[in-house]
$ cat data.csv   # CSV, C-alpha atoms (C1' of nucleotides)
chain,number,residue,atom,x,y,z
Y,1,MET,CA,14.9,1.7,23.9
Y,2,THR,CA,15.6,5.3,23.1
Y,3,GLU,CA,16.5,6.1,19.5
Y,4,PRO,CA,20.3,6.3,19.0
Y,5,HIS,CA,19.9,10.0,18.2
Y,6,ARG,CA,20.6,10.5,14.6
Y,7,VAL,CA,22.4,13.6,13.7
Y,8,GLU,CA,21.7,15.3,10.4
Y,9,ARG,CA,24.8,16.6,8.7
Y,10,HIS,CA,25.1,19.8,6.8
Y,11,THR,CA,27.1,18.9,3.7
Y,12,ARG,CA,27.9,20.9,0.6
Y,13,GLN,CA,25.8,18.6,-1.5
Y,14,ARG,CA,22.7,19.0,0.6
Y,15,GLN,CA,23.0,22.7,0.7
Y,16,VAL,CA,23.5,22.8,-3.1
Y,17,ILE,CA,20.6,20.6,-3.8
Y,18,THR,CA,18.3,22.4,-1.4
Y,19,ALA,CA,19.2,25.8,-2.8
Y,20,TYR,CA,18.8,24.6,-6.3
Y,21,MET,CA,15.4,23.2,-5.7
Y,22,LYS,CA,14.2,26.3,-4.0
Y,23,ALA,CA,15.2,28.3,-7.1
Y,24,GLN,CA,13.3,26.0,-9.4
Y,25,ALA,CA,9.8,26.6,-10.6
Y,26,GLN,CA,9.3,23.4,-12.4
Y,27,PHE,CA,9.1,19.7,-11.4
Y,28,LEU,CA,12.5,18.2,-12.1
Y,29,THR,CA,13.6,14.6,-12.2
Y,30,ALA,CA,16.6,13.4,-10.2
Y,31,GLN,CA,18.5,13.2,-13.5
Y,32,GLN,CA,17.6,16.8,-14.4
Y,33,VAL,CA,18.7,18.1,-11.0
Y,34,HIS,CA,22.0,16.2,-11.5
Y,35,ASP,CA,22.5,17.7,-14.9
Y,36,GLY,CA,21.5,21.2,-13.8
Y,37,LEU,CA,23.9,21.2,-10.9
Y,38,ARG,CA,26.7,20.0,-13.2
Y,39,GLU,CA,26.1,22.9,-15.5
Y,40,LEU,CA,26.6,25.2,-12.5
Y,41,GLY,CA,29.8,23.5,-11.7
Y,42,ASP,CA,28.3,21.9,-8.5
Y,43,THR,CA,28.8,18.3,-9.2
Y,44,VAL,CA,26.8,15.9,-7.0
Y,45,SER,CA,26.6,12.2,-7.7
Y,46,LEU,CA,23.4,10.8,-8.9
Y,47,PRO,CA,22.8,8.5,-6.0
Y,48,THR,CA,23.3,11.4,-3.7
Y,49,VAL,CA,20.8,13.4,-5.6
Y,50,TYR,CA,18.3,10.6,-5.2
Y,51,ARG,CA,19.1,10.3,-1.5
Y,52,THR,CA,18.8,14.0,-0.9
Y,53,LEU,CA,15.6,14.5,-2.9
Y,54,THR,CA,14.0,11.6,-1.1
Y,55,ALA,CA,15.0,13.0,2.3
Y,56,LEU,CA,13.6,16.4,1.3
Y,57,VAL,CA,10.3,14.8,0.4
Y,58,GLU,CA,10.1,13.1,3.7
Y,59,ALA,CA,10.9,16.4,5.4
Y,60,GLY,CA,8.0,17.9,3.6
Y,61,ASP,CA,10.1,20.4,1.6
Y,62,LEU,CA,9.4,18.9,-1.8
Y,63,ASP,CA,6.4,17.5,-3.6
Y,64,VAL,CA,6.8,14.4,-5.8
Y,65,ARG,CA,4.9,13.7,-8.9
Y,66,VAL,CA,5.2,10.5,-10.9
Y,67,SER,CA,4.8,10.5,-14.7
Y,68,ASN,CA,6.2,8.4,-17.4
Y,69,ASN,CA,7.8,6.0,-14.8
Y,70,GLN,CA,9.8,8.8,-13.4
Y,71,SER,CA,9.6,10.8,-10.2
Y,72,ALA,CA,9.8,14.5,-10.5
Y,73,TYR,CA,10.4,16.8,-7.6
Y,74,ARG,CA,9.5,20.4,-6.9
Y,75,HIS,CA,9.9,22.8,-4.0
Y,76,CYS,CA,6.6,23.5,-2.3
Y,77,SER,CA,5.5,25.7,0.6
Y,78,PRO,CA,4.5,23.5,3.5
Y,79,HIS,CA,0.8,22.9,4.4
Y,80,HIS,CA,-0.6,23.8,1.0
Y,81,HIS,CA,-0.4,20.7,-1.0
Y,82,HIS,CA,-2.8,21.4,-3.7
Y,83,HIS,CA,-1.9,22.4,-7.2
Y,84,LEU,CA,-3.3,23.6,-10.4
Y,85,VAL,CA,-1.0,22.1,-13.0
Y,86,CYS,CA,-0.7,22.7,-16.8
Y,87,ARG,CA,-0.5,19.3,-18.4
Y,88,GLN,CA,1.5,20.7,-21.2
Y,89,CYS,CA,4.2,22.9,-19.8
Y,90,GLY,CA,4.0,21.9,-16.2
Y,91,ARG,CA,3.3,25.4,-15.0
Y,92,THR,CA,2.0,25.1,-11.4
Y,93,ILE,CA,-0.2,27.3,-9.3
Y,94,GLU,CA,-0.4,26.6,-5.6
Y,95,LEU,CA,-3.9,26.7,-4.3
Y,96,ALA,CA,-4.8,28.2,-1.0
Y,97,ASP,CA,-7.3,26.7,1.4
Y,98,SER,CA,-10.4,25.3,-0.1
Y,99,PRO,CA,-13.8,23.8,0.8
Y,100,VAL,CA,-12.1,20.5,0.1
Y,101,GLU,CA,-10.2,20.5,3.4
Y,102,GLN,CA,-13.4,20.3,5.4
Y,103,TRP,CA,-15.1,17.9,3.1
Y,104,ALA,CA,-12.2,15.5,3.1
Y,105,THR,CA,-12.1,15.4,6.9
Y,106,ALA,CA,-15.9,15.0,7.1
Y,107,ILE,CA,-15.9,12.1,4.7
Y,108,ALA,CA,-13.0,10.4,6.5
Y,109,ASN,CA,-14.7,10.7,9.8
Y,110,GLU,CA,-17.9,9.4,8.4
Y,111,HIS,CA,-16.1,6.2,7.4
Y,112,GLY,CA,-14.2,5.9,10.6
Y,113,PHE,CA,-10.8,6.7,9.0
Y,114,THR,CA,-8.2,8.3,11.2
Y,115,ASP,CA,-4.8,10.0,10.6
Y,116,VAL,CA,-6.1,11.4,7.5
Y,117,ASP,CA,-4.3,13.3,4.7
Y,118,HIS,CA,-5.3,14.1,1.2
Y,119,THR,CA,-4.0,15.0,-2.2
Y,120,ILE,CA,-5.8,17.1,-4.8
Y,121,GLU,CA,-4.5,17.9,-8.2
Y,122,ILE,CA,-6.2,19.8,-10.9
Y,123,LEU,CA,-4.9,19.2,-14.3
Y,124,GLY,CA,-5.6,21.4,-17.3
Y,125,LEU,CA,-4.3,23.5,-20.1
Y,126,CYS,CA,-2.9,26.9,-19.2
Y,127,PRO,CA,-3.9,29.9,-21.3
Y,128,ALA,CA,-0.5,30.1,-22.9
Y,129,CYS,CA,-0.4,26.5,-24.0
Y,130,ALA,CA,-4.0,26.6,-25.1
Y,131,THR,CA,-3.2,29.2,-27.7
Y,132,LEU,CA,0.3,28.1,-28.7
Y,133,ALA,CA,-0.4,24.4,-29.1
Y,134,PRO,CA,-3.9,23.7,-30.3
Y,135,ARG,CA,-2.7,20.2,-31.0
Y,136,CYS,CA,0.6,18.7,-30.1
C,1,MET,CA,-5.8,11.1,-44.1
C,2,THR,CA,-8.4,8.8,-42.6
C,3,GLU,CA,-7.2,6.6,-39.8
C,4,PRO,CA,-6.4,3.1,-41.0
C,5,HIS,CA,-9.3,1.8,-38.9
C,6,ARG,CA,-7.9,-0.2,-36.1
C,7,VAL,CA,-10.0,-3.3,-35.1
C,8,GLU,CA,-10.0,-4.3,-31.5
C,9,ARG,CA,-9.8,-8.1,-31.1
C,10,HIS,CA,-11.5,-10.1,-28.5
C,11,THR,CA,-8.8,-12.5,-27.3
C,12,ARG,CA,-8.9,-15.0,-24.4
C,13,GLN,CA,-6.2,-13.0,-22.6
C,14,ARG,CA,-8.1,-9.8,-22.7
C,15,GLN,CA,-11.3,-11.4,-21.5
C,16,VAL,CA,-9.5,-13.2,-18.7
C,17,ILE,CA,-7.7,-10.1,-17.5
C,18,THR,CA,-10.8,-7.9,-17.7
C,19,ALA,CA,-12.8,-10.4,-15.8
C,20,TYR,CA,-10.1,-10.9,-13.2
C,21,MET,CA,-9.8,-7.2,-12.6
C,22,LYS,CA,-13.5,-6.7,-12.2
C,23,ALA,CA,-13.6,-9.4,-9.5
C,24,GLN,CA,-10.8,-7.7,-7.6
C,25,ALA,CA,-11.3,-5.3,-4.8
C,26,GLN,CA,-7.7,-4.3,-4.3
C,27,PHE,CA,-5.1,-2.5,-6.3
C,28,LEU,CA,-2.9,-5.0,-7.9
C,29,THR,CA,0.4,-4.8,-9.7
C,30,ALA,CA,0.9,-6.3,-13.1
C,31,GLN,CA,3.0,-9.0,-11.5
C,32,GLN,CA,0.2,-9.8,-9.0
C,33,VAL,CA,-2.3,-10.0,-11.8
C,34,HIS,CA,0.0,-12.3,-13.7
C,35,ASP,CA,0.5,-14.5,-10.7
C,36,GLY,CA,-3.1,-14.5,-9.8
C,37,LEU,CA,-4.1,-15.6,-13.2
C,38,ARG,CA,-1.6,-18.4,-13.2
C,39,GLU,CA,-3.0,-19.7,-10.0
C,40,LEU,CA,-6.4,-20.0,-11.7
C,41,GLY,CA,-4.7,-21.8,-14.6
C,42,ASP,CA,-5.2,-18.9,-17.0
C,43,THR,CA,-1.7,-18.2,-18.0
C,44,VAL,CA,-1.0,-14.9,-19.7
C,45,SER,CA,2.4,-13.6,-20.4
C,46,LEU,CA,3.7,-10.7,-18.4
C,47,PRO,CA,4.1,-8.3,-21.3
C,48,THR,CA,0.5,-9.0,-22.3
C,49,VAL,CA,-0.6,-8.3,-18.8
C,50,TYR,CA,1.1,-4.9,-19.0
C,51,ARG,CA,-0.2,-4.2,-22.4
C,52,THR,CA,-3.8,-5.1,-21.4
C,53,LEU,CA,-3.7,-3.2,-18.2
C,54,THR,CA,-2.4,-0.1,-19.9
C,55,ALA,CA,-5.1,-0.4,-22.5
C,56,LEU,CA,-7.8,-0.7,-19.9
C,57,VAL,CA,-6.5,2.3,-18.1
C,58,GLU,CA,-6.7,4.3,-21.3
C,59,ALA,CA,-10.2,3.0,-21.8
C,60,GLY,CA,-11.1,4.3,-18.4
C,61,ASP,CA,-11.9,0.9,-16.9
C,62,LEU,CA,-9.0,0.9,-14.5
C,63,ASP,CA,-7.4,3.3,-12.1
C,64,VAL,CA,-3.7,3.5,-11.6
C,65,ARG,CA,-1.8,4.2,-8.5
C,66,VAL,CA,1.9,4.4,-8.2
C,67,SER,CA,3.6,3.4,-5.0
C,68,ASN,CA,7.0,2.0,-4.3
C,69,ASN,CA,8.1,2.5,-7.9
C,70,GLN,CA,5.3,0.2,-9.1
C,71,SER,CA,2.0,0.8,-10.8
C,72,ALA,CA,-1.0,-0.8,-9.3
C,73,TYR,CA,-4.3,-1.2,-11.1
C,74,ARG,CA,-7.8,-1.5,-9.9
C,75,HIS,CA,-11.2,-1.7,-11.5
C,76,CYS,CA,-13.3,1.5,-11.0
C,77,SER,CA,-16.6,2.7,-12.0
C,78,PRO,CA,-16.4,5.4,-14.6
C,79,HIS,CA,-16.9,9.1,-13.8
C,80,HIS,CA,-16.2,8.7,-10.1
C,81,HIS,CA,-12.5,9.1,-9.7
C,82,HIS,CA,-12.2,9.9,-6.1
C,83,HIS,CA,-11.2,7.5,-3.4
C,84,LEU,CA,-10.8,7.2,0.3
C,85,VAL,CA,-7.9,4.8,0.7
C,86,CYS,CA,-6.5,3.1,3.7
C,87,ARG,CA,-2.8,3.6,3.7
C,88,GLN,CA,-2.2,0.3,5.5
C,89,CYS,CA,-4.3,-2.3,3.9
C,90,GLY,CA,-5.3,-0.5,0.7
C,91,ARG,CA,-9.0,-0.8,1.3
C,92,THR,CA,-10.7,1.6,-1.0
C,93,ILE,CA,-14.0,3.4,-0.8
C,94,GLU,CA,-15.3,5.2,-3.9
C,95,LEU,CA,-16.6,8.6,-3.2
C,96,ALA,CA,-19.6,10.0,-4.9
C,97,ASP,CA,-20.0,13.5,-6.2
C,98,SER,CA,-18.6,16.2,-3.9
C,99,PRO,CA,-18.4,19.9,-3.6
C,100,VAL,CA,-14.9,19.6,-5.0
C,101,GLU,CA,-16.2,19.1,-8.5
C,102,GLN,CA,-17.6,22.6,-8.7
C,103,TRP,CA,-14.7,24.1,-6.8
C,104,ALA,CA,-12.1,22.6,-9.1
C,105,THR,CA,-13.9,23.9,-12.2
C,106,ALA,CA,-14.3,27.3,-10.7
C,107,ILE,CA,-10.7,27.6,-9.7
C,108,ALA,CA,-9.5,26.4,-13.1
C,109,ASN,CA,-11.7,28.9,-14.9
C,110,GLU,CA,-10.5,31.7,-12.7
C,111,HIS,CA,-6.9,31.0,-13.9
C,112,GLY,CA,-7.9,30.6,-17.5
C,113,PHE,CA,-7.2,26.8,-17.6
C,114,THR,CA,-9.1,24.7,-20.0
C,115,ASP,CA,-9.7,21.1,-20.7
C,116,VAL,CA,-9.7,20.5,-17.0
C,117,ASP,CA,-9.6,17.3,-15.0
C,118,HIS,CA,-8.8,16.6,-11.4
C,119,THR,CA,-7.7,13.9,-9.0
C,120,ILE,CA,-8.5,13.7,-5.4
C,121,GLU,CA,-7.3,11.1,-3.0
C,122,ILE,CA,-7.9,10.9,0.7
C,123,LEU,CA,-5.5,8.8,2.6
C,124,GLY,CA,-6.0,7.5,6.1
C,125,LEU,CA,-6.1,4.6,8.5
C,126,CYS,CA,-9.3,2.5,8.2
C,127,PRO,CA,-11.0,1.4,11.5
C,128,ALA,CA,-9.7,-2.2,11.2
C,129,CYS,CA,-6.1,-1.2,10.7
C,130,ALA,CA,-6.3,1.5,13.4
C,131,THR,CA,-7.1,-1.2,16.0
C,132,LEU,CA,-5.0,-4.0,14.7
C,133,ALA,CA,-1.8,-2.1,14.1
C,134,PRO,CA,-1.3,0.8,16.5
C,135,ARG,CA,2.3,1.0,15.2
C,136,CYS,CA,3.8,-0.9,12.4
A,1,DC,C1',43.6,21.5,17.3
A,2,DA,C1',44.3,16.3,17.0
A,3,DG,C1',41.6,12.2,17.6
A,4,DT,C1',37.4,9.6,17.3
A,5,DT,C1',33.0,8.4,15.8
A,6,DT,C1',29.6,8.1,12.7
A,7,DC,C1',27.1,9.8,8.9
A,8,DA,C1',27.4,11.0,4.0
A,9,DT,C1',29.4,10.6,-0.5
A,10,DG,C1',30.7,8.6,-4.9
A,11,DA,C1',31.8,4.9,-8.2
A,12,DG,C1',30.2,1.1,-9.7
A,13,DA,C1',27.4,-2.7,-9.8
A,14,DA,C1',22.9,-4.7,-9.0
A,15,DT,C1',17.8,-4.7,-9.1
A,16,DC,C1',13.7,-4.8,-11.1
A,17,DA,C1',9.6,-2.8,-13.3
A,18,DT,C1',8.5,-1.8,-17.7
A,19,DT,C1',9.1,-1.8,-23.0
A,20,DA,C1',10.8,-3.1,-27.3
A,21,DT,C1',11.7,-6.8,-30.8
A,22,DC,C1',10.1,-10.2,-33.7
A,23,DA,C1',8.6,-14.6,-35.1
A,24,DA,C1',4.6,-17.4,-34.4
A,25,DT,C1',-0.5,-17.4,-33.4
A,26,DT,C1',-5.0,-16.2,-33.9
A,27,DA,C1',-9.5,-13.3,-34.4
A,28,DG,C1',-12.3,-11.4,-37.6
A,29,DT,C1',-13.7,-11.2,-42.5
A,30,DC,C1',-14.9,-12.8,-47.1
K,1,DG,C1',-11.1,-22.6,-45.5
K,2,DA,C1',-8.0,-18.8,-46.8
K,3,DC,C1',-6.4,-14.1,-45.9
K,4,DT,C1',-4.8,-10.2,-43.3
K,5,DA,C1',-3.7,-7.6,-39.6
K,6,DA,C1',-3.8,-7.5,-34.7
K,7,DT,C1',-2.1,-10.0,-30.7
K,8,DT,C1',0.7,-12.9,-28.2
K,9,DG,C1',4.8,-14.8,-25.9
K,10,DA,C1',9.8,-15.5,-25.3
K,11,DT,C1',13.5,-12.9,-25.0
K,12,DA,C1',16.4,-9.3,-24.7
K,13,DA,C1',16.9,-4.4,-23.8
K,14,DT,C1',16.1,-0.2,-21.3
K,15,DG,C1',16.4,2.8,-17.7
K,16,DA,C1',15.2,4.6,-13.3
K,17,DT,C1',16.3,3.7,-8.7
K,18,DT,C1',18.8,1.4,-5.0
K,19,DC,C1',22.6,-1.2,-2.9
K,20,DT,C1',27.5,-1.9,-1.6
K,21,DC,C1',31.4,-0.5,0.3
K,22,DA,C1',35.6,2.0,0.6
K,23,DT,C1',36.8,6.8,1.2
K,24,DG,C1',35.9,11.4,2.9
K,25,DA,C1',34.3,14.7,6.1
K,26,DA,C1',31.0,16.7,9.6
K,27,DA,C1',30.3,17.0,14.6
K,28,DC,C1',31.9,16.1,19.0
K,29,DT,C1',35.5,15.2,22.6
K,30,DG,C1',39.0,16.6,25.5
$ encode --input "data.csv" --output "structure tokens"
Amino acid sequence: MTEPHRVERHTRQRQVITAYMKAQAQFLTAQQVHDGLRELGDTVSLPTVYRTLTALVEAGDLDVRVSNNQSAYRHCSPHHHHHLVCRQCGRTIELADSPVEQWATAIANEHGFTDVDHTIEILGLCPACATLAPRC
Amino acid sequence: MTEPHRVERHTRQRQVITAYMKAQAQFLTAQQVHDGLRELGDTVSLPTVYRTLTALVEAGDLDVRVSNNQSAYRHCSPHHHHHLVCRQCGRTIELADSPVEQWATAIANEHGFTDVDHTIEILGLCPACATLAPRC
DNA sequence: CAGTTTCATGAGAATCATTATCAATTAGTC
DNA sequence: GACTAATTGATAATGATTCTCATGAAACTG
């Protein structure tokens, strides 16, 4: 009944995608990653881009964000899953620990919930976009 | 330059969908709403279900939640957009005001963000699911 | 280093949620 | 009841994501 021991392989494609995502400051769709890599000469098939991004999300290396019926991925430092995001340009600021952590846990306990996790996202207009685009 | 004055019409389909969603405690996909209505004998075309649900979301009457590449919709009381959700059965508990509100606003101001909104979601395993399904 | 195993990749097709199109229906108004 | 514009439904189109499966290449073996 022991798991068949799945070995993770270190392929060119995975390295390329991982490196690319680490260098990226924005949320990118699979398609954008695919195109971006091609521009650098590192061709990776679209299905592989999807597979790898999904794997990286499961590994906790990437954050996902769905908008417009599309998933966008972005590198994120582990354990700090809260963001302040500009709804215009997508500029993201990672937020450190907050009072929310404790509150969330407390609320969950109160209702008997276990194995608790939480997501917080603050959306707004960053200073730059506020001045540049009064109305888009 | 005045808007052409768009009149909202009160159709059978809209009433039916609105009523149905109000009576529902779970997040439902457009397809599920469509099927549910058909079972009640209130047939509404799938495109119309989509159109109506989208409109209701924009009106602030419904919450959306994306999972498995599908949007799910659920009635929600306005102004309280925070939920404690069971990741297994989808059971949802609406959370009242929290310390987060102030914190979010403070953080946003600190970074010069304006027109701020936020989303918080606490995911966990509800007591029922925790006992029934130790491992799925 | 050659052989073997097994996972990963890529090309293409398939899926399937969501949207667009457009003619036919209707709600709201006079 | 007639008029007008919004709404609906049938259908097709779109497009992101996933599946299939033959080929390629890691990792391991001896």
$ closest_atom_pairs --input "data.csv" --of "chain A" --to "chain Y" --cutoff "10 Å" --atoms "all atoms listed in the file" --output "Markdown table"
| residue | atom | partner | partner_atom | distance |
| --- | --- | --- | --- | --- |
| A:DT6 | C1' | Y:Val7 | CA | 9.1 |
| A:DC7 | C1' | Y:Arg9 | CA | 7.2 |
| A:DA8 | C1' | Y:Arg9 | CA | 7.8 |
| A:DT9 | C1' | Y:Thr48 | CA | 6.9 |
| A:DG10 | C1' | Y:Ser45 | CA | 6.1 |
| A:DA11 | C1' | Y:Ser45 | CA | 9.0 |
| A:DA17 | C1' | Y:Asn69 | CA | 9.1 |
| A:DT18 | C1' | Y:Asn69 | CA | 8.4 |
$ interface_residues --input "data.csv" --of "chain C" --to "chain Y" --cutoff "12 Å" --atoms "all atoms listed in the file" --output "PyMOL selection string"
chain C and resi 64-71+81-88+91-131+134
$ atom_distance --input "data.csv" --atom1 "CA of Ala30 (chain Y)" --atom2 "C1' of DT15 (chain A)"
18.2 Å
$ interface_residues --input "data.csv" --of "chain K" --to "chain Y" --cutoff "10 Å" --atoms "all atoms listed in the file" --output "list in words"
DG15, DA16, DT17, DT18, DA25, DA26 and DA27 of chain K
$ residues_around --input "data.csv" --residues "DT29 (chain K)" --least-positions-apart "5" --cutoff "12 Å" --atoms "only C-alpha atoms (C1' of nucleotides)" --output "VMD selection string"
chain A and resid 1 to 5
$ atom_distance --input "data.csv" --atom1 "CA of Asp35 (chain Y)" --atom2 "CA of Leu53 (chain Y)"
14.2 Å
$ residues_around --input "data.csv" --residues "Cys76 (chain Y)" --least-positions-apart "3" --cutoff "7 Å" --atoms "only C-alpha atoms (C1' of nucleotides)" --output "JSON, numbers by chain"
{"Y": [61, 62, 63]}
$ atom_distance --input "data.csv" --atom1 "CA of Ala25 (chain Y)" --atom2 "CA of Asp42 (chain Y)"
19.2 Å
$ build_atoms --input "data.csv" --residues "region 59-68 of chain C" --atoms "all heavy atoms" --output "tab-separated table (two decimals), in the coordinates of the input"
chain	number	residue	atom	x	y	z
C	59	ALA	N	-8.77	3.13	-21.54
C	59	ALA	CA	-10.20	3.00	-21.80
C	59	ALA	C	-11.04	3.53	-20.67
C	59	ALA	O	-12.25	3.64	-20.77
C	59	ALA	CB	-10.55	1.57	-22.13
C	60	GLY	N	-10.37	3.82	-19.55
C	60	GLY	CA	-11.10	4.30	-18.40
C	60	GLY	C	-11.69	3.27	-17.51
C	60	GLY	O	-12.49	3.57	-16.63
C	61	ASP	N	-11.32	2.02	-17.74
C	61	ASP	CA	-11.90	0.90	-16.90
C	61	ASP	C	-11.11	0.69	-15.65
C	61	ASP	O	-11.62	0.12	-14.70
C	61	ASP	CB	-11.89	-0.37	-17.74
C	61	ASP	CG	-12.86	-0.29	-18.90
C	61	ASP	OD1	-13.80	0.53	-18.82
C	61	ASP	OD2	-12.69	-1.05	-19.88
C	62	LEU	N	-9.85	1.12	-15.64
C	62	LEU	CA	-9.00	0.90	-14.50
C	62	LEU	C	-8.45	2.23	-13.96
C	62	LEU	O	-8.27	3.17	-14.72
C	62	LEU	CB	-7.84	-0.03	-14.77
C	62	LEU	CG	-8.14	-1.46	-15.21
C	62	LEU	CD1	-6.84	-2.21	-15.42
C	62	LEU	CD2	-9.00	-2.16	-14.19
C	63	ASP	N	-8.16	2.23	-12.67
C	63	ASP	CA	-7.40	3.30	-12.10
C	63	ASP	C	-5.98	2.88	-11.85
C	63	ASP	O	-5.75	1.71	-11.60
C	63	ASP	CB	-8.00	3.70	-10.71
C	63	ASP	CG	-9.04	4.79	-10.83
C	63	ASP	OD1	-9.16	5.35	-11.93
C	63	ASP	OD2	-9.72	5.07	-9.84
C	64	VAL	N	-5.05	3.80	-11.94
C	64	VAL	CA	-3.70	3.50	-11.60
C	64	VAL	C	-3.28	4.18	-10.35
C	64	VAL	O	-3.81	5.25	-10.05
C	64	VAL	CB	-2.67	3.98	-12.68
C	64	VAL	CG1	-1.48	3.06	-12.76
C	64	VAL	CG2	-3.33	4.18	-13.99
C	65	ARG	N	-2.34	3.59	-9.68
C	65	ARG	CA	-1.80	4.20	-8.50
C	65	ARG	C	-0.40	3.80	-8.37
C	65	ARG	O	-0.07	2.62	-8.49
C	65	ARG	CB	-2.70	3.78	-7.29
C	65	ARG	CG	-2.05	3.15	-6.10
C	65	ARG	CD	-3.10	2.57	-5.19
C	65	ARG	NE	-3.75	3.65	-4.49
C	65	ARG	CZ	-3.20	4.28	-3.46
C	65	ARG	NH1	-2.03	3.90	-2.99
C	65	ARG	NH2	-3.83	5.26	-2.86
C	66	VAL	N	0.49	4.74	-8.21
C	66	VAL	CA	1.90	4.40	-8.20
C	66	VAL	C	2.38	4.46	-6.73
C	66	VAL	O	2.14	5.43	-6.03
C	66	VAL	CB	2.72	5.41	-8.99
C	66	VAL	CG1	4.19	5.04	-8.97
C	66	VAL	CG2	2.20	5.45	-10.42
C	67	SER	N	3.04	3.40	-6.32
C	67	SER	CA	3.60	3.40	-5.00
C	67	SER	C	4.78	2.45	-4.96
C	67	SER	O	4.68	1.34	-5.50
C	67	SER	CB	2.55	3.06	-3.94
C	67	SER	OG	2.76	1.79	-3.40
C	68	ASN	N	5.87	2.90	-4.38
C	68	ASN	CA	7.00	2.00	-4.30
C	68	ASN	C	7.58	1.71	-5.70
C	68	ASN	O	7.98	0.58	-5.96
C	68	ASN	CB	6.65	0.71	-3.63
C	68	ASN	CG	7.29	0.60	-2.28
C	68	ASN	OD1	6.71	1.07	-1.31
C	68	ASN	ND2	8.48	0.03	-2.23
